[in-house]
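The structure under discussion appears below in the form of structure tokens.
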Amino acid sequence: MSMSDTTKLTPLDCLYRWEQEQPAAVYLTQPFGDRVVDYTWREVGDQVRRMASYLQSLDLPAGSSIALLSSNCAHWIMADLAIWMAGHVTVPLYPTVGSETANYVLAHSRAQLLFVGKLDQRVWEDIEANLPADLPCVGLPITPAVLEHTWDDIVTQHPPLSGQPRRGMDEMASIIYTSGSTGQPKGAMIAFKAMWAVGDGLRQILGLTGKERMLSYLPLAHAAERACVETSSLYFGFRVYFANSVDTFVEDLRRARPTIFFSVPRLWTKFYLGVCEKMPPDKLKRLLKIPLLSTLVKRKILKGLGLEHVKFAITASAPLAEELVTWYRSLGLELLDVYGMTENFAYSHSSRPGAARPGYVGSTNPGVACRIADSGEIQIQSTGMMMGYYREEALSANSFTADGYLKTGDRGEIDAQGRLKITGRLKDIFKTSRGKYVAPVPIENKLAGHPKVEAVCVMGENLPQPVALLMLSQDAQAELRAWGHHGAAEREVLTQEFMSLMRAVNATLESHEQLAMVVVVQGSWTIENGYLTPTLKIKRNVIEQHYQPLLAASLELDHALVWESEHLSTQARKVA
């Protein structure tokens, strides 16, 4: 069977194929501390079949929810496949999930069993203390949990499930709970046909083959990583590597030598800032203009990042500043923006190689229809659309138009070549105290290209004019700490840079959109402190709630720039 065939395959069908066609080929490469273990397709199939045999021995009702709580690892994918092979539905949880959210998802999904894998010890202790007493748990090979039932014991004690158990294309494969930038997460029911749509679409768009390599490190609990890495690797039969830890990320990248690299704007920005620390942007521009040196410099930078073998560099989750897209392109790395949602299994739009336009997420994928409603909302119809929200019939009905289009809640516009630009969320638009409406995302994109800035949030609900919060990069924060009270001159230089940035951006905006003030955030917005989602998007409502009193007070003092200390007190200065 060729991947060019029109036959629709579930991920299980793909596993059966590679078990037969390339049993000795390595599928998954997993670091265990100082040790690295390769799992062939034969070995993966054997472990999956043994775990599926165990799950079936529990006599759970067909289609039961089985929860999976772990950072990315080889056994995350094996557990997912075993759940499907046993006839059940996977409910992934983010490895950074709090106890309250974990309890909600486990109860709402009616989970019958929980796989516990690679986690921070504190996360597990928090969750374990509040788990239902009657919920069975199974520990994956990498886990801080001390459990009665472990993966290794189970696969040793149970014979492999025989044959090729099938799942229907219209059956539910997973309930994926949204990352929850606001409110309780909702469980999008994803069918196997949505996963087939991803594999078939990537075949047509990028022509992927079994020779690709990927490093999996963004949360597999999120639809985008699951579609791009797990689903794609199963459909094309290529090798997947896993990261050991944050500290070994560069080493992990170099081990994988990825040909496809999928990341989010926050990490693309971190890579850029890291290069800028070693080589100032102006110097790099000069070197890239020298013909003989240019190739060597590009190769050295990409090799240093572990991206020298990348054929397809993909960015998603949020807009990336056009300056950064242009910068990567100058190194010979074309960032292909893609767009999708949990509700359509991250399958909607993608930039085509050689036709990517900065600021745009590309054209519709095969089998996708897109339109812009009168309200400016992007509406999508595709094979990848969810079956609805689990146990939320009214909410499900309200998420679709009368003719079956998904209401994305995103605002957008389409250019003459059919490429889509995301201009913000409908609900993100705020109204100033002067009665003017402002869309924050386009303004944030204009600010995000500064080499000292890692994240941006523009807000202004009930304020006279919008205000921008600029979170400094970790290197810039380290410099400020090193300067201490003796770095007045250096601090003044940075102050003037940000004021120049504010003036330059304001010159491109309508009067009611222009920024009244910039707040330089010296602390960090992280997943752990609740300011970012697990996919590193800003939690706008959390940031607004925290900073609103500060901004209102500072605006009354007519300050154009405010420096925020790490302890959330402020040192405000009026800058001419």
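Following the order of the structure tokens, chains are lettered A, B, ..., residues in each are numbered from 1, and ligands are numbered from 1.
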Do a neighbour search on A:Arg286 at 12 Å with only C-alpha atoms, toss out local chain neighbours closer than 6 positions, and write the hits as a VMD selection string.
chain A and resid 279 to 280 293 to 294 297 330
Which residues in stretch 230-338 of chain A does DSSP call helix (DSSP H, G or I)? List them as a PyMOL selection string.
chain A and resi 230-236+249-256+265-278+281-288+291-305+322-330
Skipping near chain neighbours, those fewer than 2 positions away, what residues fall within 12 Å of A:Leu494 using only C-alpha atoms, listed as a PyMOL selection string?
chain A and resi 450-453+472+476-477+479-480+487-492+496-501+520+561+563
Please produce a file of the residues just selected, as a JSON list (two decimals), in the first residue's frame, where the atoms kept are N, CA and C atoms.
[["chain", "number", "residue", "atom", "x", "y", "z"],
["A", 450, "HIS", "N", 11.69, 43.57, 18.49],
["A", 450, "HIS", "CA", 12.85, 44.16, 19.18],
["A", 450, "HIS", "C", 13.69, 43.05, 19.82],
["A", 451, "PRO", "N", 15.01, 43.10, 19.66],
["A", 451, "PRO", "CA", 15.86, 42.00, 20.14],
["A", 451, "PRO", "C", 15.89, 41.82, 21.65],
["A", 452, "LYS", "N", 15.41, 42.80, 22.42],
["A", 452, "LYS", "CA", 15.39, 42.67, 23.88],
["A", 452, "LYS", "C", 14.02, 42.24, 24.40],
["A", 453, "VAL", "N", 13.05, 42.08, 23.48],
["A", 453, "VAL", "CA", 11.68, 41.78, 23.88],
["A", 453, "VAL", "C", 11.34, 40.33, 23.60],
["A", 472, "LEU", "N", 10.87, 41.59, 29.00],
["A", 472, "LEU", "CA", 12.25, 41.50, 28.56],
["A", 472, "LEU", "C", 12.69, 40.05, 28.39],
["A", 476, "ALA", "N", 18.33, 39.99, 28.66],
["A", 476, "ALA", "CA", 18.20, 41.41, 28.99],
["A", 476, "ALA", "C", 17.94, 41.58, 30.49],
["A", 477, "GLN", "N", 17.14, 40.69, 31.07],
["A", 477, "GLN", "CA", 16.88, 40.76, 32.51],
["A", 477, "GLN", "C", 18.15, 40.50, 33.30],
["A", 479, "GLU", "N", 21.18, 41.16, 32.30],
["A", 479, "GLU", "CA", 22.00, 42.36, 32.18],
["A", 479, "GLU", "C", 21.57, 43.42, 33.18],
["A", 480, "LEU", "N", 20.26, 43.63, 33.32],
["A", 480, "LEU", "CA", 19.76, 44.63, 34.26],
["A", 480, "LEU", "C", 20.16, 44.28, 35.68],
["A", 487, "GLY", "N", 24.07, 50.96, 36.80],
["A", 487, "GLY", "CA", 23.86, 50.88, 35.34],
["A", 487, "GLY", "C", 22.90, 51.94, 34.81],
["A", 488, "ALA", "N", 22.95, 53.13, 35.39],
["A", 488, "ALA", "CA", 22.01, 54.17, 34.97],
["A", 488, "ALA", "C", 22.16, 54.50, 33.49],
["A", 489, "ALA", "N", 23.39, 54.58, 33.01],
["A", 489, "ALA", "CA", 23.61, 54.94, 31.61],
["A", 489, "ALA", "C", 23.09, 53.85, 30.68],
["A", 490, "GLU", "N", 23.39, 52.60, 31.02],
["A", 490, "GLU", "CA", 22.92, 51.49, 30.19],
["A", 490, "GLU", "C", 21.39, 51.41, 30.19],
["A", 491, "ARG", "N", 20.81, 51.65, 31.36],
["A", 491, "ARG", "CA", 19.36, 51.61, 31.48],
["A", 491, "ARG", "C", 18.72, 52.73, 30.66],
["A", 492, "GLU", "N", 19.37, 53.87, 30.64],
["A", 492, "GLU", "CA", 18.86, 55.00, 29.85],
["A", 492, "GLU", "C", 18.89, 54.68, 28.36],
["A", 496, "GLN", "N", 15.57, 54.67, 26.00],
["A", 496, "GLN", "CA", 15.42, 55.42, 24.75],
["A", 496, "GLN", "C", 15.09, 54.49, 23.58],
["A", 497, "GLU", "N", 15.63, 53.27, 23.59],
["A", 497, "GLU", "CA", 15.31, 52.30, 22.54],
["A", 497, "GLU", "C", 13.81, 51.99, 22.54],
["A", 498, "PHE", "N", 13.27, 51.75, 23.72],
["A", 498, "PHE", "CA", 11.86, 51.41, 23.81],
["A", 498, "PHE", "C", 10.96, 52.60, 23.46],
["A", 499, "MET", "N", 11.39, 53.80, 23.83],
["A", 499, "MET", "CA", 10.61, 54.97, 23.47],
["A", 499, "MET", "C", 10.64, 55.19, 21.96],
["A", 500, "SER", "N", 11.79, 54.94, 21.34],
["A", 500, "SER", "CA", 11.88, 55.05, 19.88],
["A", 500, "SER", "C", 10.98, 54.02, 19.21],
["A", 501, "LEU", "N", 10.98, 52.81, 19.78],
["A", 501, "LEU", "CA", 10.11, 51.75, 19.26],
["A", 501, "LEU", "C", 8.65, 52.17, 19.36],
["A", 520, "VAL", "N", 7.81, 48.16, 30.92],
["A", 520, "VAL", "CA", 8.87, 47.18, 30.72],
["A", 520, "VAL", "C", 8.80, 46.17, 31.86],
["A", 561, "LEU", "N", 6.79, 55.85, 30.23],
["A", 561, "LEU", "CA", 7.46, 54.56, 30.38],
["A", 561, "LEU", "C", 7.53, 54.18, 31.84],
["A", 563, "TRP", "N", 9.08, 51.15, 34.46],
["A", 563, "TRP", "CA", 9.89, 49.95, 34.67],
["A", 563, "TRP", "C", 9.28, 49.19, 35.84]]
Pick out the residues sitting within 9 Å of A:Ala224, and hand them over as number ranges by chain; count only C-alpha atoms, and ignore anything fewer than 6 positions along from it in its own chain.
A: 218, 316-317, 340-342, 345-347
Considering only C-alpha atoms, can you say which of A:Pro358, A:Gly409, A:Gly201, A:Gly530 comes closest to A:Thr383?
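Smallest separation from A:Thr383 among the options: A:Gly201.
If only C-alpha atoms are the atoms counted, then among A:Val246, A:Leu206, A:Glu322, A:Phe192 the closest residue to A:Arg352 is A:Leu206.
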With only C-alpha atoms as the counted atoms, please give the residues lying no more than 7 Å from A:Ser99, apart from itself and same-chain residues fewer than 6 positions off, as JSON, numbers by chain.
{"A": [126, 127, 130]}
So that I can see what lies close to A:Ala82, please list as a ChimeraX atom specification the residues with an atom at most 12 Å from it, counting only C-alpha atoms and leaving out residues fewer than 5 positions away in the same chain.
/A:11-12,15,44-56,66,68,75-77,87-90,115,151,155,160-161,165,173
A:Val338 environment, 9 Å, only C-alpha atoms, sequence neighbours closer than 5 positions dropped, as a list of chain:residue names
A:Ile314, A:Thr315, A:Ala316, A:Ser317, A:Ala346, A:Tyr347, A:Ser348, A:His349, A:Ser350, A:Ser351, A:Tyr360, A:Val361, A:Gly362, A:Ser363
Grab the residues selected above and save them as a PDB file, in the first residue's frame with N, CA and C atoms.
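out_22.pdb, written as the output of this step:
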ATOM      1  N   ILE A 314       8.490  24.982  10.663  1.00  0.00           N
ATOM      2  CA  ILE A 314       7.078  25.311  10.826  1.00  0.00           C
ATOM      3  C   ILE A 314       6.881  26.113  12.104  1.00  0.00           C
ATOM      4  N   THR A 315       6.094  27.167  11.994  1.00  0.00           N
ATOM      5  CA  THR A 315       5.753  27.972  13.170  1.00  0.00           C
ATOM      6  C   THR A 315       4.243  28.061  13.279  1.00  0.00           C
ATOM      7  N   ALA A 316       3.758  28.055  14.511  1.00  0.00           N
ATOM      8  CA  ALA A 316       2.304  28.050  14.722  1.00  0.00           C
ATOM      9  C   ALA A 316       1.987  28.580  16.107  1.00  0.00           C
ATOM     10  N   SER A 317       0.705  28.574  16.452  1.00  0.00           N
ATOM     11  CA  SER A 317       0.182  28.913  17.774  1.00  0.00           C
ATOM     12  C   SER A 317      -0.138  30.395  17.934  1.00  0.00           C
ATOM     13  N   ALA A 346      -5.945  21.019  14.486  1.00  0.00           N
ATOM     14  CA  ALA A 346      -4.843  21.841  13.993  1.00  0.00           C
ATOM     15  C   ALA A 346      -4.705  21.788  12.479  1.00  0.00           C
ATOM     16  N   TYR A 347      -5.777  21.422  11.789  1.00  0.00           N
ATOM     17  CA  TYR A 347      -5.706  21.248  10.337  1.00  0.00           C
ATOM     18  C   TYR A 347      -6.618  22.265   9.665  1.00  0.00           C
ATOM     19  N   SER A 348      -6.002  23.324   9.115  1.00  0.00           N
ATOM     20  CA  SER A 348      -6.794  24.356   8.461  1.00  0.00           C
ATOM     21  C   SER A 348      -6.011  25.030   7.341  1.00  0.00           C
ATOM     22  N   HIS A 349      -4.948  25.794   7.703  1.00  0.00           N
ATOM     23  CA  HIS A 349      -4.171  26.552   6.717  1.00  0.00           C
ATOM     24  C   HIS A 349      -2.673  26.283   6.897  1.00  0.00           C
ATOM     25  N   SER A 350      -1.926  26.429   5.817  1.00  0.00           N
ATOM     26  CA  SER A 350      -0.470  26.336   5.902  1.00  0.00           C
ATOM     27  C   SER A 350       0.174  27.107   4.768  1.00  0.00           C
ATOM     28  N   SER A 351       1.337  27.671   5.069  1.00  0.00           N
ATOM     29  CA  SER A 351       2.119  28.372   4.046  1.00  0.00           C
ATOM     30  C   SER A 351       2.794  27.344   3.155  1.00  0.00           C
ATOM     31  N   TYR A 360       1.192  36.147   7.310  1.00  0.00           N
ATOM     32  CA  TYR A 360       0.059  35.347   6.833  1.00  0.00           C
ATOM     33  C   TYR A 360       0.287  33.880   7.172  1.00  0.00           C
ATOM     34  N   VAL A 361      -0.796  33.141   7.412  1.00  0.00           N
ATOM     35  CA  VAL A 361      -0.690  31.730   7.796  1.00  0.00           C
ATOM     36  C   VAL A 361      -0.881  30.794   6.609  1.00  0.00           C
ATOM     37  N   GLY A 362      -0.922  31.339   5.411  1.00  0.00           N
ATOM     38  CA  GLY A 362      -0.960  30.506   4.223  1.00  0.00           C
ATOM     39  C   GLY A 362      -2.349  30.256   3.693  1.00  0.00           C
ATOM     40  N   SER A 363      -2.429  29.281   2.789  1.00  0.00           N
ATOM     41  CA  SER A 363      -3.672  28.955   2.092  1.00  0.00           C
ATOM     42  C   SER A 363      -4.367  27.775   2.758  1.00  0.00           C
TER      43      SER A 363
END
Nearest to A:Met386 by atom-to-atom distance, counting only C-alpha atoms, from A:Leu220, A:Cys228, A:Met189, A:Met214
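Of A:Leu220, A:Cys228, A:Met189, A:Met214, the one nearest A:Met386, counting only C-alpha atoms, is A:Met189.
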How far is it from atom CA of A:Arg255 to atom CA of A:Leu296, in Å with one decimal?
21.8 Å
Kindly give the distance, in Å, that separates atom CA of A:Ser382 and atom CA of A:Ala439, rounded to a single decimal.
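Separating atom CA of A:Ser382 from atom CA of A:Ala439 is a distance of 27.7 Å.
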Where does DSSP see strand (DSSP E or B) in stretch 338-554 of chain A, if you list the residues as a PyMOL selection string?
chain A and resi 338-339+349-350+362-364+369-372+377-381+389+400+406-414+420-425+430-431+437-438+453-459+467-472+517-521+532+538
Closest pair table for stretch 431-484 of chain A residues within 9 Å of stretch 533-538 of chain A, only C-alpha atoms, as JSON lines:
{"residue": "A:Ala455", "atom": "CA", "partner": "A:Ile538", "partner_atom": "CA", "distance": 8.1}
{"residue": "A:Val456", "atom": "CA", "partner": "A:Ile538", "partner_atom": "CA", "distance": 8.3}
{"residue": "A:Cys457", "atom": "CA", "partner": "A:Ile538", "partner_atom": "CA", "distance": 7.6}
Find the residue from A:Ser109, A:Thr96, A:Thr401, A:Thr178 that sits nearest to A:Gln121; use only C-alpha atoms when measuring.
A:Thr96
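What separates atom CA of A:Met172 from atom CA of A:Met387 is a distance of 8.0 Å.
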